[in-house]
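Here's the structure we're looking at; comments come further down.
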Amino acid sequence: MKLRTGSAGETEALAEAIGALVRGGDVILLAGDLGAGKTTFTKGLARALGITDTIVSPTFTIVREYEGRVDLAHLDVYRLDHLQELHDIGFDELVDDSRVTVVEWGDVVAAALPRDRLEVWIELPAIPEESDDERIVSVSVHGPSWYERRAELERALAPYAGGGAAC
Ligand code: ADP
Ligand code: MG
């Protein structure tokens, strides 16, 4: 699904709509350049999980955990030099049915992530139509548990359609 948002608030709302469909054990890969909106997205997602704590970028800590209706592990793997470090920080134990795991720069460590995952790529449009706050948000489902939710996801994200071709 290729989607478009026009503000940080709208990216949060889009993530919140996705958040209504996530469950424990889910992994979400977030990709996009610095400042694209990965942490902004995570804030919206956290709201849907009933997390009231403020989401702080885990750039330096690599991982932060939050308690909610469903718990959240929020990772930013930008500073990891080797795939092995992901295992060293206990990534394999983090992914379990009690929490949702969101990985900023997940594309960099994609080989080490479960195949069953939602991918969200956030980009600035090549030619902004109206403002610098526009983002193209590409959402794709991978693996059976997400395929199962695909129709529901498309319905939830329909308000943000308009980024071009379907996934
Ligand atoms: P990242 O985690 O990808 O480095 P952040 O979410 O920390 O990015 O920062 C994104 C910045 O861009 C924030 O300052 C946010 O307010 C701004 N922004 C402007 N428009 C948008 C948009 N449509 N979606 C997300 N963030 C946006
Ligand atoms: Mg970030």
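Convention: chains lettered A, B, ... in structure tokens order; per-chain residue numbering from 1; ligands numbered from 1 as shown.
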
Residue contacts of A:Ala73 (9 Å, only C-alpha atoms) excluding same-chain residues fewer than 6 positions away, as number ranges by chain: A: 63-67, 94-95, 99-103

Written selection (C-alpha atoms) as a CSV table (one decimal), in the first residue's frame:
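result-v2.csv, written as the output of this step:
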chain,number,residue,atom,x,y,z
A,63,VAL,CA,16.2,-0.6,22.8
A,64,ARG,CA,13.5,0.9,25.0
A,65,GLU,CA,10.6,-1.0,26.5
A,66,TYR,CA,7.1,0.3,27.3
A,67,GLU,CA,4.2,-1.2,29.1
A,94,LEU,CA,12.5,-9.7,22.9
A,95,VAL,CA,10.2,-11.0,20.1
A,99,ARG,CA,4.9,-7.5,23.1
A,100,VAL,CA,5.1,-5.7,19.7
A,101,THR,CA,8.6,-5.1,18.5
A,102,VAL,CA,9.3,-2.1,16.3
A,103,VAL,CA,12.7,-1.8,14.7

Residue neighbourhood stretch 35-40 of chain A, 12 Å, only C-alpha atoms, exclusion window fewer than 6 positions, as number ranges by chain: A: 5-16, 28-29, 46-47, 54-59, 74-76, 78, 102-106, 119-125, 132-137

Residue among A:Asp26, A:Ala31, A:Ala151, A:Phe41 lying closest to A:Asp107, counting only C-alpha atoms: A:Ala31

Near A:Gly24, counting only C-alpha atoms, which residues have an atom at most 8 Å away, once you skip same-chain residues fewer than 3 positions from it, shown as a PDB file with all heavy atoms, in the first residue's frame?
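So result.pdb came out as:
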ATOM      1  N   VAL A  70      -0.817  -3.778  25.129  1.00  0.00           N
ATOM      2  CA  VAL A  70       0.193  -4.691  24.602  1.00  0.00           C
ATOM      3  C   VAL A  70       1.515  -3.954  24.799  1.00  0.00           C
ATOM      4  O   VAL A  70       1.592  -2.750  24.547  1.00  0.00           O
ATOM      5  CB  VAL A  70      -0.026  -4.968  23.093  1.00  0.00           C
ATOM      6  CG1 VAL A  70       0.984  -5.963  22.576  1.00  0.00           C
ATOM      7  CG2 VAL A  70      -1.444  -5.456  22.826  1.00  0.00           C
ATOM      8  N   ASP A  71       2.542  -4.642  25.299  1.00  0.00           N
ATOM      9  CA  ASP A  71       3.825  -3.983  25.541  1.00  0.00           C
ATOM     10  C   ASP A  71       4.526  -3.698  24.217  1.00  0.00           C
ATOM     11  O   ASP A  71       4.210  -4.284  23.176  1.00  0.00           O
ATOM     12  CB  ASP A  71       4.714  -4.855  26.423  1.00  0.00           C
ATOM     13  CG  ASP A  71       4.152  -4.983  27.842  1.00  0.00           C
ATOM     14  OD1 ASP A  71       3.234  -4.214  28.189  1.00  0.00           O
ATOM     15  OD2 ASP A  71       4.643  -5.850  28.584  1.00  0.00           O
ATOM     16  N   ASP A  96       8.397 -11.762  21.489  1.00  0.00           N
ATOM     17  CA  ASP A  96       7.527 -12.820  22.005  1.00  0.00           C
ATOM     18  C   ASP A  96       6.093 -12.316  22.095  1.00  0.00           C
ATOM     19  O   ASP A  96       5.824 -11.138  21.858  1.00  0.00           O
ATOM     20  CB  ASP A  96       8.075 -13.441  23.291  1.00  0.00           C
ATOM     21  CG  ASP A  96       7.692 -12.715  24.557  1.00  0.00           C
ATOM     22  OD1 ASP A  96       6.751 -11.915  24.554  1.00  0.00           O
ATOM     23  OD2 ASP A  96       8.349 -12.970  25.576  1.00  0.00           O
ATOM     24  N   ASP A  97       5.203 -13.219  22.403  1.00  0.00           N
ATOM     25  CA  ASP A  97       3.777 -12.925  22.285  1.00  0.00           C
ATOM     26  C   ASP A  97       3.277 -11.833  23.218  1.00  0.00           C
ATOM     27  O   ASP A  97       2.154 -11.365  23.088  1.00  0.00           O
ATOM     28  CB  ASP A  97       2.960 -14.201  22.510  1.00  0.00           C
ATOM     29  CG  ASP A  97       3.087 -15.159  21.335  1.00  0.00           C
ATOM     30  OD1 ASP A  97       3.644 -14.731  20.298  1.00  0.00           O
ATOM     31  OD2 ASP A  97       2.653 -16.312  21.454  1.00  0.00           O
ATOM     32  N   SER A  98       4.118 -11.434  24.163  1.00  0.00           N
ATOM     33  CA  SER A  98       3.652 -10.424  25.111  1.00  0.00           C
ATOM     34  C   SER A  98       3.870  -9.010  24.588  1.00  0.00           C
ATOM     35  O   SER A  98       3.406  -8.056  25.197  1.00  0.00           O
ATOM     36  CB  SER A  98       4.387 -10.590  26.445  1.00  0.00           C
ATOM     37  OG  SER A  98       5.738 -10.227  26.292  1.00  0.00           O
ATOM     38  N   ARG A  99       4.611  -8.860  23.508  1.00  0.00           N
ATOM     39  CA  ARG A  99       4.891  -7.492  23.058  1.00  0.00           C
ATOM     40  C   ARG A  99       5.023  -7.358  21.549  1.00  0.00           C
ATOM     41  O   ARG A  99       5.246  -8.329  20.835  1.00  0.00           O
ATOM     42  CB  ARG A  99       6.166  -6.967  23.729  1.00  0.00           C
ATOM     43  CG  ARG A  99       7.430  -7.679  23.334  1.00  0.00           C
ATOM     44  CD  ARG A  99       8.660  -6.994  23.926  1.00  0.00           C
ATOM     45  NE  ARG A  99       8.827  -7.267  25.342  1.00  0.00           N
ATOM     46  CZ  ARG A  99       9.349  -8.388  25.826  1.00  0.00           C
ATOM     47  NH1 ARG A  99       9.732  -9.348  25.015  1.00  0.00           N
ATOM     48  NH2 ARG A  99       9.466  -8.566  27.119  1.00  0.00           N
ATOM     49  N   VAL A 100       4.870  -6.110  21.119  1.00  0.00           N
ATOM     50  CA  VAL A 100       5.109  -5.748  19.721  1.00  0.00           C
ATOM     51  C   VAL A 100       6.529  -5.200  19.642  1.00  0.00           C
ATOM     52  O   VAL A 100       6.954  -4.443  20.515  1.00  0.00           O
ATOM     53  CB  VAL A 100       4.103  -4.655  19.283  1.00  0.00           C
ATOM     54  CG1 VAL A 100       4.396  -4.182  17.876  1.00  0.00           C
ATOM     55  CG2 VAL A 100       2.681  -5.163  19.403  1.00  0.00           C
TER      56      VAL A 100
END

Those in stretch 32-142 of chain A with alpha helix (DSSP H) from DSSP, as JSON, numbers by chain: {"A": [38, 39, 40, 41, 42, 43, 44, 45, 46, 47, 48, 83, 84, 85, 86, 87, 88, 91, 92, 93, 94]}

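When the distance limit is 10 Å and only C-alpha atoms are what count, the residues near A:Pro144, minus those fewer than 5 positions from it on the same chain, are Arg115, Asp116, Arg117, Arg149 and Arg150 of chain A.
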
Which residue of A:Ala126, A:Leu34, A:Leu86, A:Leu45 approaches ligand 2 most closely, using only C-alpha atoms and all ligand atoms: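 Using only C-alpha atoms and all ligand atoms, the shortest distance to ligand 2 belongs to A:Leu34.
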
Strand (DSSP E) call set, DSSP backbone run, chain A, as a PyMOL selection string: chain A and resi 2-5+27-31+63-66+71-76+99-104+117-123+135-142

Å distance separating atom CA of A:Val27 from atom CA of A:Leu118, one decimal place: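 Separating atom CA of A:Val27 from atom CA of A:Leu118 is a distance of 6.5 Å.
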
Among the residues A:Ile127, A:Leu49, A:Ser140, A:Leu80, the one that comes closest to A:Thr61 [using only C-alpha atoms]: A:Leu80
